[in-house]
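Structure file work-v3.tsv (TSV, C-alpha atoms) follows.
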```tsv
chain	number	residue	atom	x	y	z
A	1	MET	CA	54.53	176.22	160.72
A	2	ASP	CA	51.93	176.32	163.47
A	3	LEU	CA	50.65	173.45	165.52
A	4	GLU	CA	46.96	173.02	166.04
A	5	PRO	CA	45.23	170.71	168.53
A	6	SER	CA	43.07	169.16	165.79
A	7	LEU	CA	46.17	167.35	164.51
A	8	VAL	CA	46.11	164.99	167.49
A	9	VAL	CA	43.30	163.07	165.79
A	10	VAL	CA	46.21	161.04	164.41
A	11	GLN	CA	46.41	159.52	167.90
A	12	ALA	CA	42.98	157.97	167.40
A	13	LEU	CA	44.72	155.57	165.01
A	14	ARG	CA	46.81	152.73	166.38
A	15	GLN	CA	50.54	152.76	165.65
A	16	LYS	CA	51.37	150.69	162.59
A	17	PRO	CA	53.83	150.63	159.67
A	18	VAL	CA	51.61	152.33	157.05
A	19	TYR	CA	48.23	154.01	156.86
A	20	ARG	CA	45.80	154.40	154.00
A	21	VAL	CA	44.92	158.04	153.51
A	22	SER	CA	41.25	157.09	153.93
A	23	GLU	CA	41.91	155.93	157.52
A	24	PHE	CA	42.16	159.58	158.51
A	25	PHE	CA	38.72	160.54	157.20
A	26	GLY	CA	36.75	158.99	160.07
A	27	PRO	CA	38.73	160.43	163.01
A	28	ALA	CA	39.01	163.80	161.22
A	29	GLY	CA	35.25	164.02	160.69
A	30	SER	CA	35.33	164.47	156.94
A	31	ARG	CA	37.34	163.65	153.85
A	32	ALA	CA	38.39	167.28	153.36
A	33	THR	CA	39.54	167.66	156.98
A	34	GLY	CA	41.34	164.32	156.74
A	35	TYR	CA	43.35	165.54	153.76
A	36	ARG	CA	44.07	168.87	155.49
A	37	ILE	CA	45.35	167.09	158.62
A	38	ILE	CA	47.55	164.78	156.55
A	39	ARG	CA	48.99	167.76	154.69
A	40	LYS	CA	49.77	169.57	157.97
A	41	LEU	CA	51.36	166.45	159.50
A	42	GLN	CA	53.54	166.11	156.39
A	43	GLU	CA	54.56	169.77	156.55
A	44	LEU	CA	55.52	169.38	160.21
A	45	GLY	CA	57.54	166.23	159.50
A	46	PHE	CA	55.34	163.82	161.46
A	47	ALA	CA	54.07	162.03	158.34
A	48	ALA	CA	55.50	161.15	154.94
A	49	LYS	CA	54.11	159.75	151.71
A	50	THR	CA	55.22	156.29	150.64
A	51	ARG	CA	56.24	155.34	147.11
A	52	ARG	CA	52.70	154.27	146.27
A	53	ARG	CA	49.98	156.91	146.22
A	54	GLY	CA	47.28	156.76	148.85
A	55	TYR	CA	49.53	155.56	151.69
A	56	LEU	CA	51.64	157.30	154.30
A	57	THR	CA	53.90	156.56	157.26
A	58	VAL	CA	53.59	158.37	160.58
A	59	ARG	CA	56.52	158.82	162.97
A	60	SER	CA	56.02	157.29	166.41
A	61	SER	CA	56.68	160.77	167.85
A	62	ALA	CA	53.22	161.81	166.60
A	63	PHE	CA	51.87	159.61	169.39
A	64	GLN	CA	53.63	161.63	172.10
A	65	PRO	CA	51.37	163.85	174.25
A	66	TYR	CA	50.40	167.08	172.48
A	67	PRO	CA	52.24	169.34	175.01
A	68	VAL	CA	55.50	167.64	173.93
A	69	TRP	CA	54.92	168.39	170.21
A	70	PRO	CA	56.19	172.01	170.21
A	71	HIS	CA	59.53	170.78	171.58
A	72	LEU	CA	59.83	168.25	168.72
A	73	LEU	CA	59.24	170.70	165.89
A	74	PRO	CA	62.83	172.03	165.56
A	75	SER	CA	64.14	168.44	165.37
A	76	LEU	CA	61.49	167.47	162.80
A	77	ARG	CA	62.26	170.57	160.71
A	78	ALA	CA	65.96	169.69	160.74
A	79	LEU	CA	65.26	166.05	159.86
A	80	LYS	CA	63.10	167.08	156.91
A	81	GLN	CA	66.12	168.96	155.53
A	82	ALA	CA	68.66	166.21	156.25
A	83	ARG	CA	71.09	165.53	153.40
A	84	TYR	CA	72.66	162.06	153.19
A	85	PHE	CA	76.12	161.30	151.84
A	86	GLY	CA	78.06	158.12	151.16
A	87	ARG	CA	81.38	157.09	149.66
A	88	ALA	CA	82.22	153.51	150.66
A	89	TYR	CA	78.89	153.14	152.52
A	90	ASP	CA	80.57	151.68	155.58
A	91	GLU	CA	82.12	152.83	158.86
A	92	SER	CA	85.02	154.46	156.99
A	93	ASP	CA	82.58	157.13	155.76
A	94	VAL	CA	81.73	157.97	159.36
A	95	ASN	CA	85.40	158.14	160.34
A	96	CYS	CA	86.14	160.48	157.43
A	97	ALA	CA	83.13	162.71	158.22
A	98	ARG	CA	84.14	162.88	161.88
A	99	ARG	CA	87.52	164.30	160.84
A	100	SER	CA	86.22	166.76	158.28
A	101	LEU	CA	82.86	168.03	159.58
A	102	ARG	CA	82.57	170.60	162.36
A	103	GLY	CA	79.31	170.62	164.25
A	104	MET	CA	77.17	168.97	166.92
A	105	VAL	CA	76.74	165.23	166.60
A	106	THR	CA	73.25	163.93	167.39
A	107	LEU	CA	71.02	160.84	167.14
A	108	ASP	CA	72.75	157.42	166.63
A	109	TYR	CA	76.38	158.25	167.39
A	110	ARG	CA	75.81	160.78	170.17
A	111	ALA	CA	73.15	158.59	171.77
A	112	TYR	CA	75.63	155.72	171.73
A	113	GLU	CA	78.29	157.87	173.41
A	114	LEU	CA	75.77	158.83	176.09
A	115	THR	CA	74.29	155.39	176.72
A	116	GLN	CA	76.34	152.60	175.04
A	117	PHE	CA	72.92	151.11	174.42
A	118	GLN	CA	72.25	150.66	170.71
A	119	MET	CA	74.82	150.32	167.95
A	120	PRO	CA	74.95	153.47	165.80
A	121	ARG	CA	74.40	153.46	162.06
A	122	ILE	CA	74.09	156.97	160.62
A	123	PHE	CA	76.37	159.84	161.58
A	124	PHE	CA	74.01	162.80	162.00
A	125	VAL	CA	75.68	166.15	162.55
A	126	TYR	CA	74.27	169.67	162.87
A	127	VAL	CA	76.39	172.10	160.87
A	128	GLU	CA	76.41	175.90	160.55
A	129	ASP	CA	76.52	175.99	156.77
A	130	PRO	CA	75.07	172.81	155.21
A	131	GLU	CA	75.80	173.92	151.64
A	132	ARG	CA	79.51	174.49	152.35
A	133	GLN	CA	79.80	171.21	154.29
A	134	ALA	CA	78.01	169.35	151.48
A	135	ARG	CA	80.52	170.75	148.99
A	136	SER	CA	83.46	169.68	151.16
A	137	LEU	CA	82.06	166.13	151.40
A	138	LYS	CA	81.63	165.99	147.62
A	139	VAL	CA	85.22	167.19	147.15
A	140	ALA	CA	86.25	164.32	149.43
A	141	GLY	CA	84.53	161.87	147.09
A	142	PHE	CA	81.13	161.51	148.76
A	143	SER	CA	77.94	161.28	146.71
A	144	GLU	CA	74.63	162.69	147.86
A	145	GLY	CA	71.66	160.32	147.91
A	146	THR	CA	69.28	158.57	150.28
A	147	LYS	CA	71.37	155.65	151.60
A	148	GLY	CA	74.51	157.36	152.89
A	149	ARG	CA	75.73	156.90	156.44
A	150	VAL	CA	76.61	160.56	156.89
A	151	ALA	CA	73.76	163.04	157.35
A	152	ILE	CA	74.15	166.77	157.71
A	153	LEU	CA	71.39	168.74	159.37
A	154	PRO	CA	70.81	172.49	159.39
A	155	LYS	CA	70.69	174.08	162.83
A	156	GLU	CA	67.07	174.62	163.83
A	157	GLY	CA	65.91	175.66	167.29
A	158	GLY	CA	67.88	175.73	170.54
A	159	PHE	CA	71.13	173.95	171.37
A	160	GLU	CA	71.81	175.35	174.86
A	161	ASN	CA	71.34	171.98	176.56
A	162	GLU	CA	73.06	169.42	174.34
A	163	ILE	CA	71.72	166.31	176.07
A	164	GLN	CA	68.18	167.69	176.00
A	165	ARG	CA	68.53	168.38	172.28
A	166	VAL	CA	69.87	164.90	171.49
A	167	TYR	CA	67.02	163.43	173.56
A	168	LEU	CA	64.40	165.46	171.64
A	169	ASP	CA	66.02	164.52	168.32
A	170	CYS	CA	65.78	160.82	169.25
A	171	LEU	CA	62.18	161.25	170.40
A	172	ALA	CA	61.24	163.14	167.22
A	173	PHE	CA	62.97	160.66	164.91
A	174	GLY	CA	61.01	157.81	166.49
A	175	GLY	CA	61.32	154.13	165.61
A	176	ARG	CA	64.49	152.59	167.04
A	177	SER	CA	65.69	156.03	168.16
A	178	THR	CA	62.84	155.99	170.69
A	179	LEU	CA	64.89	153.37	172.56
A	180	ASP	CA	67.82	155.81	172.61
A	181	ALA	CA	65.55	158.49	174.08
A	182	VAL	CA	64.44	156.09	176.83
A	183	ALA	CA	68.06	155.13	177.56
A	184	ILE	CA	69.11	158.81	177.74
A	185	GLU	CA	66.23	159.53	180.12
A	186	LEU	CA	67.20	156.59	182.34
A	187	LEU	CA	70.85	157.68	182.51
A	188	HIS	CA	70.66	161.48	182.28
A	189	ALA	CA	67.27	162.37	183.75
A	190	ASP	CA	68.78	165.26	185.72
A	191	GLN	CA	69.71	166.98	182.43
A	192	LEU	CA	66.19	166.88	181.00
A	193	SER	CA	63.48	169.46	181.55
A	194	VAL	CA	61.24	168.22	178.71
A	195	ARG	CA	60.42	164.52	178.64
A	196	GLY	CA	58.32	162.25	176.50
A	197	GLU	CA	56.02	159.47	177.60
A	198	PHE	CA	56.73	155.81	176.99
A	199	PRO	CA	54.93	152.54	177.70
A	200	THR	CA	56.13	150.95	180.94
A	201	ASP	CA	57.15	147.70	179.23
A	202	LEU	CA	59.39	149.62	176.81
A	203	VAL	CA	61.13	151.43	179.69
A	204	LEU	CA	61.60	148.17	181.58
A	205	LYS	CA	63.03	146.48	178.48
A	206	VAL	CA	65.56	149.29	177.93
A	207	ARG	CA	66.52	149.30	181.62
A	208	GLU	CA	67.07	145.54	181.46
A	209	ASP	CA	69.16	145.76	178.28
A	210	LEU	CA	71.36	148.72	179.27
A	211	PRO	CA	75.00	147.64	179.63
A	212	LYS	CA	75.79	146.85	183.25
B	1	MET	CA	83.23	139.37	171.03
B	2	ASN	CA	80.71	140.75	168.55
B	3	LEU	CA	77.14	139.48	168.27
B	4	GLU	CA	77.82	137.45	165.12
B	5	SER	CA	80.62	135.50	166.82
B	6	ALA	CA	78.42	135.03	169.88
B	7	ALA	CA	75.59	133.72	167.67
B	8	VAL	CA	77.88	131.24	165.94
B	9	LYS	CA	79.20	129.99	169.29
B	10	ILE	CA	75.67	129.62	170.68
B	11	SER	CA	74.60	127.71	167.55
B	12	ARG	CA	77.49	125.30	168.00
B	13	ASP	CA	76.84	124.87	171.73
B	14	LEU	CA	73.05	124.61	171.72
B	15	LYS	CA	72.47	122.97	168.29
B	16	GLU	CA	68.67	123.32	168.28
B	17	VAL	CA	68.46	127.10	168.23
B	18	VAL	CA	66.82	129.69	165.99
B	19	PHE	CA	67.72	133.39	166.27
B	20	VAL	CA	64.78	135.77	166.36
B	21	GLY	CA	64.30	139.50	167.02
B	22	ALA	CA	66.67	142.28	165.93
B	23	PHE	CA	69.55	139.89	165.21
B	24	ALA	CA	67.31	137.99	162.77
B	25	VAL	CA	66.47	141.32	161.09
B	26	ILE	CA	70.21	141.93	160.60
B	27	CYS	CA	70.66	138.45	159.15
B	28	HIS	CA	67.96	139.29	156.56
B	29	VAL	CA	68.82	142.88	155.66
B	30	GLY	CA	72.47	143.37	156.63
B	31	PRO	CA	74.06	145.85	159.07
B	32	TYR	CA	71.45	147.67	161.12
B	33	ARG	CA	70.93	149.22	164.53
B	34	GLN	CA	70.58	146.84	167.45
B	35	THR	CA	71.22	146.44	171.15
B	36	ARG	CA	73.86	144.13	172.59
B	37	ASP	CA	71.60	141.18	173.21
B	38	LEU	CA	70.47	138.11	171.30
B	39	ASP	CA	66.92	136.79	171.16
B	40	LEU	CA	66.73	133.07	170.55
B	41	ALA	CA	64.17	130.29	170.37
B	42	LEU	CA	65.05	126.90	171.85
B	43	ALA	CA	63.34	123.64	170.94
B	44	THR	CA	63.68	122.42	174.51
B	45	PRO	CA	64.16	124.59	177.59
B	46	LEU	CA	67.55	124.49	179.31
B	47	SER	CA	68.01	124.63	183.06
B	48	ASP	CA	70.26	127.17	184.80
B	49	GLU	CA	72.80	124.38	185.34
B	50	GLU	CA	72.82	123.52	181.64
B	51	PHE	CA	73.40	127.18	180.69
B	52	GLU	CA	76.16	127.43	183.29
B	53	GLY	CA	77.70	124.27	181.85
B	54	LEU	CA	77.99	126.15	178.54
B	55	GLY	CA	79.88	128.99	180.22
B	56	CYS	CA	76.87	131.31	180.72
B	57	ARG	CA	76.17	133.23	183.90
B	58	ILE	CA	72.67	133.37	185.39
B	59	PHE	CA	71.42	136.38	187.39
B	60	HIS	CA	68.12	137.22	188.92
B	61	GLU	CA	67.26	140.91	188.46
B	62	SER	CA	63.93	142.28	189.70
B	63	GLY	CA	62.62	138.72	189.93
B	64	LYS	CA	63.55	137.93	186.33
B	65	ARG	CA	66.06	135.36	185.12
B	66	VAL	CA	68.85	137.01	183.10
B	67	ILE	CA	71.32	134.92	181.10
B	68	ARG	CA	74.64	136.28	179.88
B	69	THR	CA	77.28	134.48	177.87
B	70	GLY	CA	80.82	134.32	179.25
B	71	GLU	CA	81.57	137.31	176.97
B	72	GLY	CA	78.72	139.34	178.48
B	73	VAL	CA	76.15	139.08	175.67
B	74	LYS	CA	72.64	139.01	177.17
B	75	LEU	CA	70.44	136.18	175.91
B	76	ASP	CA	66.64	136.45	175.78
B	77	VAL	CA	65.40	132.88	175.48
B	78	TYR	CA	61.97	131.89	174.13
B	79	THR	CA	60.72	128.33	174.55
B	80	LYS	CA	56.95	128.60	174.01
B	81	ASP	CA	56.14	131.23	171.39
B	82	ILE	CA	57.29	134.46	169.81
B	83	SER	CA	54.41	136.97	169.67
B	84	GLY	CA	51.95	134.09	169.48
B	85	ILE	CA	53.88	132.04	166.89
B	86	PRO	CA	54.62	128.67	168.51
B	87	VAL	CA	58.33	127.84	168.76
B	88	SER	CA	57.62	124.58	166.86
B	89	GLU	CA	56.46	126.65	163.85
B	90	VAL	CA	59.43	129.00	164.22
B	91	PHE	CA	61.68	125.94	163.88
B	92	GLU	CA	59.71	124.47	160.96
B	93	THR	CA	59.92	127.69	158.96
B	94	ALA	CA	63.44	128.82	160.01
B	95	VAL	CA	65.99	129.62	157.30
B	96	VAL	CA	69.74	129.13	157.24
B	97	LYS	CA	71.92	132.24	156.97
B	98	ARG	CA	75.66	132.40	156.49
B	99	VAL	CA	77.70	134.27	159.11
B	100	GLY	CA	81.30	134.42	157.96
B	101	SER	CA	82.21	130.80	157.22
B	102	ASP	CA	79.51	129.42	159.53
B	103	GLU	CA	75.80	128.87	159.19
B	104	ILE	CA	73.10	129.67	161.72
B	105	ARG	CA	69.32	129.28	161.69
B	106	VAL	CA	67.18	132.39	161.90
B	107	MET	CA	63.48	133.12	161.96
B	108	CYS	CA	62.12	133.29	158.41
B	109	LEU	CA	61.20	136.69	156.98
B	110	GLU	CA	57.48	135.93	157.08
B	111	ALA	CA	57.40	134.89	160.76
B	112	LEU	CA	59.61	137.82	161.68
B	113	LEU	CA	57.24	140.26	159.99
B	114	ILE	CA	54.18	138.80	161.70
B	115	ALA	CA	55.87	138.75	165.12
B	116	LYS	CA	56.99	142.35	164.72
B	117	MET	CA	53.61	143.54	163.46
B	118	ARG	CA	52.00	141.95	166.51
B	119	ALA	CA	54.49	143.55	168.90
B	120	SER	CA	54.03	146.99	167.27
B	121	ARG	CA	56.47	148.88	169.49
B	122	PRO	CA	58.20	151.83	167.74
B	123	GLN	CA	61.27	149.70	166.97
B	124	ASP	CA	59.12	146.85	165.61
B	125	ILE	CA	57.24	149.21	163.31
B	126	GLU	CA	60.54	150.56	161.95
B	127	ASP	CA	61.78	146.98	161.46
B	128	VAL	CA	58.63	146.03	159.51
B	129	GLN	CA	59.03	149.09	157.29
B	130	THR	CA	62.70	148.26	156.62
B	131	LEU	CA	62.02	144.57	155.92
B	132	CYS	CA	59.10	145.33	153.59
B	133	ARG	CA	60.97	148.12	151.79
B	134	ARG	CA	64.00	145.94	151.11
B	135	LEU	CA	62.56	142.42	150.91
B	136	GLY	CA	58.85	142.88	150.25
B	137	LYS	CA	59.07	141.21	146.85
B	138	THR	CA	60.55	138.04	148.35
B	139	ILE	CA	57.80	137.38	150.90
B	140	ARG	CA	56.30	133.89	150.56
B	141	TRP	CA	52.61	134.59	150.99
B	142	ASN	CA	51.74	130.91	151.44
B	143	ILE	CA	53.90	130.92	154.62
B	144	VAL	CA	52.29	134.16	155.80
B	145	GLU	CA	48.85	132.60	155.40
B	146	THR	CA	49.77	129.60	157.55
B	147	LEU	CA	51.14	131.77	160.38
B	148	ALA	CA	48.91	134.85	160.37
B	149	THR	CA	45.22	135.62	160.59
B	150	PRO	CA	43.51	136.78	157.37
B	151	MET	CA	43.43	140.33	158.77
B	152	GLU	CA	47.17	140.27	159.52
B	153	SER	CA	47.92	138.94	156.01
B	154	ALA	CA	45.86	141.73	154.49
B	155	GLU	CA	47.63	144.33	156.60
B	156	LEU	CA	51.04	143.01	155.62
B	157	LYS	CA	50.04	143.10	151.93
B	158	ASN	CA	49.09	146.73	152.49
B	159	VAL	CA	52.52	147.54	153.89
B	160	VAL	CA	54.33	145.80	151.03
B	161	SER	CA	52.08	147.52	148.53
B	162	ALA	CA	52.76	150.93	150.06
B	163	PHE	CA	56.52	150.53	149.71
B	164	SER	CA	56.50	149.09	146.19
B	165	GLY	CA	56.68	151.66	143.42
```
Encoding of this model in structure tokens:
Amino acid sequence: MDLEPSLVVVQALRQKPVYRVSEFFGPAGSRATGYRIIRKLQELGFAAKTRRRGYLTVRSSAFQPYPVWPHLLPSLRALKQARYFGRAYDESDVNCARRSLRGMVTLDYRAYELTQFQMPRIFFVYVEDPERQARSLKVAGFSEGTKGRVAILPKEGGFENEIQRVYLDCLAFGGRSTLDAVAIELLHADQLSVRGEFPTDLVLKVREDLPK
Amino acid sequence: MNLESAAVKISRDLKEVVFVGAFAVICHVGPYRQTRDLDLALATPLSDEEFEGLGCRIFHESGKRVIRTGEGVKLDVYTKDISGIPVSEVFETAVVKRVGSDEIRVMCLEALLIAKMRASRPQDIEDVQTLCRRLGKTIRWNIVETLATPMESAELKNVVSAFSG
């Protein structure tokens, strides 16, 4: 999936919880181009349809500078393919998955290990063979759905620099994970060669709230 | 000490307190991601001495007053408004939530949504999506209309509509 500069018209919109499809027509220049841009953003993982037709959500990562976008694509591709599993739907699921899954932990739990900043919720783990790992979770009594606290991700892109990858995953995921990305950057800046941009007040807030 | 225990202790100590921010989101939707701090609205401001009398420690970091409980939980205290909603209205519309065997007062769903829509940081946008997805059908629109502008009410209706099937 290729990026194209025209997609940054999304940044002409202000960040908000949902958008009407028609809000894209003006910045895109036409209705047809608006639909094409929405389709591309969905394919890339920056945007998603909501339950009701005619609306969509856009990840906060779509508002990062365009030169950062190529670095977010592997994370977005992996997130689009995430598979969620639950058994008791509490912390015991995470403890069980930790023991049985082999792979690289990212997002909530890894960010928490790196920063102690924000309580984790979902155990995201990159695995070599998602199908095999999914089967082993099901054998252990897990069900696949949308609300589980264990998420397996296929390996997409580079994993040479683990902290950089976790940072980019947090940045790509957006929302509350953006705070994790800021915290990682504040504490592990020397490990990062690609960085996002954040409003000053957000950085100051994270710096103030980091455990002392 | 976890945040829930800290909130219960603060409620007992301060009496006239309403929890706002991420902790209020948790009180409405259940377990959720959050940092180790509590945002709270007070009916009347407390001095440093009064906080210290309750076992809190006061620091000044980068020219800003920072309050921590004896257990180390950071408190962000609001005494005027929360994203433009006056503290008096936050108190008038607050709801009681049960935490274990105790009760605490938290910002009502409607005020929380308006405050978070106004703040519009990435975490606030995610919180609005979560609250509307899970509790959209329970929003009291008469309360929204007293706290928000007509444009904000319309935008919130849009969000709820988008997440309802």
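Between A:Phe46 and the candidates A:Pro130, A:Gly174, A:Pro27, A:Gly103, the tightest atom-to-atom separation, counting all atoms listed in the file, involves A:Gly174.
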Go through chain A residue by residue and, counting all atoms listed in the file, keep those with an atom at most 10 Å from chain B; for each kept residue give the shortest atom pair and its distance in Å to one decimal, ordered by chain and increasing number, as CSV.
```
residue,atom,partner,partner_atom,distance
A:Arg14,CA,B:Ser120,CA,9.3
A:Gln15,CA,B:Ser120,CA,6.9
A:Lys16,CA,B:Ile125,CA,6.1
A:Pro17,CA,B:Ile125,CA,5.2
A:Val18,CA,B:Val159,CA,5.8
A:Tyr19,CA,B:Val159,CA,8.3
A:Arg20,CA,B:Asn158,CA,8.5
A:Lys49,CA,B:Ala162,CA,9.1
A:Thr50,CA,B:Ala162,CA,5.9
A:Arg51,CA,B:Gly165,CA,5.2
A:Arg52,CA,B:Ala162,CA,5.1
A:Arg53,CA,B:Ala162,CA,7.6
A:Gly54,CA,B:Ala162,CA,8.1
A:Tyr55,CA,B:Ala162,CA,5.9
A:Leu56,CA,B:Ala162,CA,7.7
A:Thr57,CA,B:Gln129,CA,9.1
A:Arg59,CA,B:Pro122,CA,8.6
A:Ser60,CA,B:Pro122,CA,6.0
A:Ser61,CA,B:Pro122,CA,9.1
A:Asp90,CA,B:Pro31,CA,9.4
A:Asp108,CA,B:Arg33,CA,8.7
A:Gln116,CA,B:Thr35,CA,8.9
A:Phe117,CA,B:Thr35,CA,5.9
A:Gln118,CA,B:Thr35,CA,4.4
A:Met119,CA,B:Arg33,CA,5.3
A:Pro120,CA,B:Arg33,CA,6.0
A:Arg121,CA,B:Arg33,CA,6.0
A:Ile122,CA,B:Arg33,CA,9.2
A:Gly174,CA,B:Pro122,CA,6.7
A:Gly175,CA,B:Pro122,CA,4.4
A:Arg176,CA,B:Gln123,CA,4.3
A:Ser177,CA,B:Gln123,CA,7.8
A:Thr178,CA,B:Pro122,CA,6.9
A:Leu179,CA,B:Gln123,CA,7.6
A:Pro199,CA,B:Arg121,CA,9.1
A:Asp201,CA,B:Arg121,CA,9.8
A:Leu202,CA,B:Arg121,CA,7.9
A:Val206,CA,B:Thr35,CA,9.3
A:Glu208,CA,B:Glu61,CA,8.4
A:Asp209,CA,B:Asp37,CA,7.3
A:Leu210,CA,B:Thr35,CA,8.4
A:Pro211,CA,B:Arg36,CA,7.9
A:Lys212,CA,B:Gly72,CA,9.4
```
Next on the checklist: What's around B:Val17 at 7 Å? Count all atoms listed in the file, leave out sequence neighbours fewer than 4 positions away in its own chain, and write the answer as a PyMOL selection string.
Outcome noted: chain B and resi 11+40-43+105
Please enclose the listed atoms of stretch 176-193 of chain A in an axis-aligned box, pad each side by 3 Å, and write out the centre and the three edge lengths in Å, rounded to one decimal, as lines of an AutoDock Vina configuration file.
```
center_x = 66.8
center_y = 161.0
center_z = 176.4
size_x = 14.0
size_y = 22.9
size_z = 24.7
```
Next on the checklist: One decimal, in Å: what's the spacing between atom CA of A:Thr106 and atom CA of A:Val125?
Outcome noted: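 Between these atoms lies a distance of 5.9 Å.
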Item to check | Distance in Å - atom CA of A:Leu79 versus atom CA of A:Lys155 | outcome: 10.1 Å
